[in-house]
Amino acid sequence: MSTVHQYFGGGLALALALAAVACSSAEKKSESKTEDTLRQKEMPTLARRCGKEANDEGLRVVRFDVNGDGRPDVWKYFKTAMDKGSGKEKEFLARKELDLNFDGRVDVWRVYNEAGDITKEEFDLDFDCKVDWITHYEGGKIVKKEGDLGFGGVVNVWMFFKNGKLIRKEKSSKNNGKVDVWEFYDNGKLERTERDVDGDGKPDMWERPKEAPAPVAPKG
Ligand SMILES: [Ca+2]
Ligand SMILES: [Ca+2]
Ligand SMILES: [Ca+2]
């Protein structure tokens with residue numbers, strides 16, 4: 001059971017967290033836009049994947065049956081490359097794939113570089129064989145998350161990180177891939193929200209989160 005948690009605990013927790021994000025994103029708080037809009041249009045649509053040991057690269061595959069039903073649910077793909085340190089050929093973990101719901105189809109893909117750092121993680125959260133959420137890493141730290149929380153095939157949430165901390169979140173509230181909500185964070189705390197109300201891609205409204213009321217000292 002502990003092995004199951006080791007492999008799947010994080011994924012399930014993320015799915016639950018994303019469900020919470022999906023609910024909160026429906027609450028429109030403010031609006032705006034920046035020059036990042038052009039870049040957002042170039043964002044690739046999420047790839048259609050229905051993994052069943054896709055091993056075009058001819059990597060060595062090691063399979064694990066975590067739940068003991070006789071079918072693999074974790075796949076590790078190893079490739080052989082030159083180790084810069086020793087100058088000799090060495091085997092690296094290139095990819096790990098997980099079947100979270102044990103239906104025989106891959107739901108999570110993790111890609112690693114030769115230094116052993118994770119570079120990308122893709123999730124199919126609703127088990128329909130389409131990727132819904134992608135996390136990008138650099139140097140082992142999260143730099144970007146992007147996803148389709150409406151499960152309609154269109155990317156509608158982008159999150160940008162610096163030094164592993166969330167600095168900006170962008171949303172397409174109309175679910176059309178066009179950013180119309182920008183949230184700016186400082187030290188993980190929401191500082192400002194901007195919103196494009198008239199659809200011209202420029203911010204029309206700005207809003208700061210309301211400060212919690214100061215505690216009132218009891219009289220007497
Ligand atoms: Ca299994
Ligand atoms: Ca599955
Ligand atoms: Ca999906």
# chains A, B, ... in the order shown; residues from 1 in each chain; ligands from 1
$ residues_near_ligand --ligand "ligand 2" --cutoff "10 Å" --atoms "only C-alpha atoms and all ligand atoms" --output "PyMOL selection string"
chain A and resi 50-52+73+98-108+124-129
$ write_last_selection --atoms "N, CA and C atoms" --output "mmCIF file, in the first residue's frame"
data_model
loop_
_atom_site.group_PDB
_atom_site.id
_atom_site.type_symbol
_atom_site.label_atom_id
_atom_site.label_comp_id
_atom_site.auth_asym_id
_atom_site.auth_seq_id
_atom_site.Cartn_x
_atom_site.Cartn_y
_atom_site.Cartn_z
ATOM 1 N N CYS A 50 -2.902 8.294 -25.698
ATOM 2 C CA CYS A 50 -3.573 7.180 -25.067
ATOM 3 C C CYS A 50 -2.534 6.088 -24.904
ATOM 4 N N GLY A 51 -1.730 6.255 -23.891
ATOM 5 C CA GLY A 51 -0.513 5.477 -23.793
ATOM 6 C C GLY A 51 -0.716 3.999 -23.545
ATOM 7 N N LYS A 52 -0.108 3.222 -24.370
ATOM 8 C CA LYS A 52 0.016 1.795 -24.124
ATOM 9 C C LYS A 52 1.431 1.413 -24.529
ATOM 10 N N ASP A 73 1.219 -1.285 -14.317
ATOM 11 C CA ASP A 73 0.636 0.037 -14.124
ATOM 12 C C ASP A 73 1.684 1.120 -13.950
ATOM 13 N N LEU A 98 2.593 6.240 -15.600
ATOM 14 C CA LEU A 98 1.777 5.684 -14.525
ATOM 15 C C LEU A 98 0.335 5.497 -14.998
ATOM 16 N N ASP A 99 -0.242 4.388 -14.613
ATOM 17 C CA ASP A 99 -1.677 4.160 -14.828
ATOM 18 C C ASP A 99 -2.353 4.311 -13.467
ATOM 19 N N LEU A 100 -2.952 5.467 -13.236
ATOM 20 C CA LEU A 100 -3.471 5.784 -11.899
ATOM 21 C C LEU A 100 -4.718 4.990 -11.543
ATOM 22 N N ASN A 101 -5.558 4.712 -12.527
ATOM 23 C CA ASN A 101 -6.846 4.077 -12.214
ATOM 24 C C ASN A 101 -6.874 2.609 -12.617
ATOM 25 N N PHE A 102 -5.688 2.074 -12.965
ATOM 26 C CA PHE A 102 -5.539 0.636 -13.245
ATOM 27 C C PHE A 102 -6.461 0.139 -14.354
ATOM 28 N N ASP A 103 -6.688 0.975 -15.375
ATOM 29 C CA ASP A 103 -7.489 0.508 -16.512
ATOM 30 C C ASP A 103 -6.587 0.079 -17.668
ATOM 31 N N GLY A 104 -5.277 0.023 -17.423
ATOM 32 C CA GLY A 104 -4.340 -0.420 -18.449
ATOM 33 C C GLY A 104 -3.848 0.695 -19.352
ATOM 34 N N ARG A 105 -4.381 1.928 -19.168
ATOM 35 C CA ARG A 105 -3.980 3.051 -20.018
ATOM 36 C C ARG A 105 -3.214 4.075 -19.182
ATOM 37 N N VAL A 106 -2.181 4.611 -19.788
ATOM 38 C CA VAL A 106 -1.307 5.534 -19.065
ATOM 39 C C VAL A 106 -2.018 6.860 -18.822
ATOM 40 N N ASP A 107 -1.885 7.391 -17.607
ATOM 41 C CA ASP A 107 -2.519 8.657 -17.240
ATOM 42 C C ASP A 107 -1.513 9.744 -16.876
ATOM 43 N N VAL A 108 -0.299 9.364 -16.552
ATOM 44 C CA VAL A 108 0.734 10.333 -16.178
ATOM 45 C C VAL A 108 2.026 9.984 -16.910
ATOM 46 N N ASP A 124 -3.397 13.080 -17.546
ATOM 47 C CA ASP A 124 -4.764 12.923 -18.057
ATOM 48 C C ASP A 124 -5.652 12.745 -16.829
ATOM 49 N N LEU A 125 -6.285 13.836 -16.414
ATOM 50 C CA LEU A 125 -6.973 13.834 -15.127
ATOM 51 C C LEU A 125 -8.338 13.158 -15.178
ATOM 52 N N ASP A 126 -8.967 13.129 -16.340
ATOM 53 C CA ASP A 126 -10.303 12.535 -16.421
ATOM 54 C C ASP A 126 -10.287 11.209 -17.184
ATOM 55 N N PHE A 127 -9.075 10.682 -17.409
ATOM 56 C CA PHE A 127 -8.902 9.335 -17.974
ATOM 57 C C PHE A 127 -9.575 9.155 -19.328
ATOM 58 N N ASP A 128 -9.531 10.207 -20.166
ATOM 59 C CA ASP A 128 -10.129 10.078 -21.501
ATOM 60 C C ASP A 128 -9.058 9.999 -22.585
ATOM 61 N N CYS A 129 -7.810 9.771 -22.184
ATOM 62 C CA CYS A 129 -6.681 9.633 -23.119
ATOM 63 C C CYS A 129 -6.201 10.962 -23.680
#
$ residues_around --residues "Glu89 of chain A" --least-positions-apart "4" --cutoff "12 Å" --atoms "only C-alpha atoms" --output "ChimeraX atom specification"
/A:79-85,114
$ closest_atom_pairs --of "chain A" --to "ligand 1" --cutoff "6 Å" --atoms "only C-alpha atoms and all ligand atoms" --output "JSON lines"
{"residue": "A:Asp65", "atom": "CA", "partner": "ligand 1", "partner_atom_place_in_ligand_line": "1 (Ca)", "distance": 4.3}
{"residue": "A:Val66", "atom": "CA", "partner": "ligand 1", "partner_atom_place_in_ligand_line": "1 (Ca)", "distance": 5.5}
{"residue": "A:Asn67", "atom": "CA", "partner": "ligand 1", "partner_atom_place_in_ligand_line": "1 (Ca)", "distance": 4.7}
{"residue": "A:Gly68", "atom": "CA", "partner": "ligand 1", "partner_atom_place_in_ligand_line": "1 (Ca)", "distance": 5.3}
{"residue": "A:Asp69", "atom": "CA", "partner": "ligand 1", "partner_atom_place_in_ligand_line": "1 (Ca)", "distance": 4.6}
{"residue": "A:Gly70", "atom": "CA", "partner": "ligand 1", "partner_atom_place_in_ligand_line": "1 (Ca)", "distance": 5.5}
{"residue": "A:Arg71", "atom": "CA", "partner": "ligand 1", "partner_atom_place_in_ligand_line": "1 (Ca)", "distance": 4.1}
{"residue": "A:Pro72", "atom": "CA", "partner": "ligand 1", "partner_atom_place_in_ligand_line": "1 (Ca)", "distance": 4.6}
{"residue": "A:Asp73", "atom": "CA", "partner": "ligand 1", "partner_atom_place_in_ligand_line": "1 (Ca)", "distance": 4.8}
{"residue": "A:Phe102", "atom": "CA", "partner": "ligand 1", "partner_atom_place_in_ligand_line": "1 (Ca)", "distance": 5.8}
$ closest_residue --among "A:Val154, A:Val197, A:Val111, A:Val61" --to "ligand 3" --atoms "only C-alpha atoms and all ligand atoms"
A:Val154
$ atom_distance --atom1 "atom CA of Arg95 of chain A" --atom2 "atom CA of Phe123 of chain A"
13.6 Å
$ residues_around --residues "Asp180 of chain A" --least-positions-apart "3" --cutoff "9 Å" --atoms "only C-alpha atoms" --output "VMD selection string"
chain A and resid 31 to 33 170 to 174 194 to 197 199 201 to 203
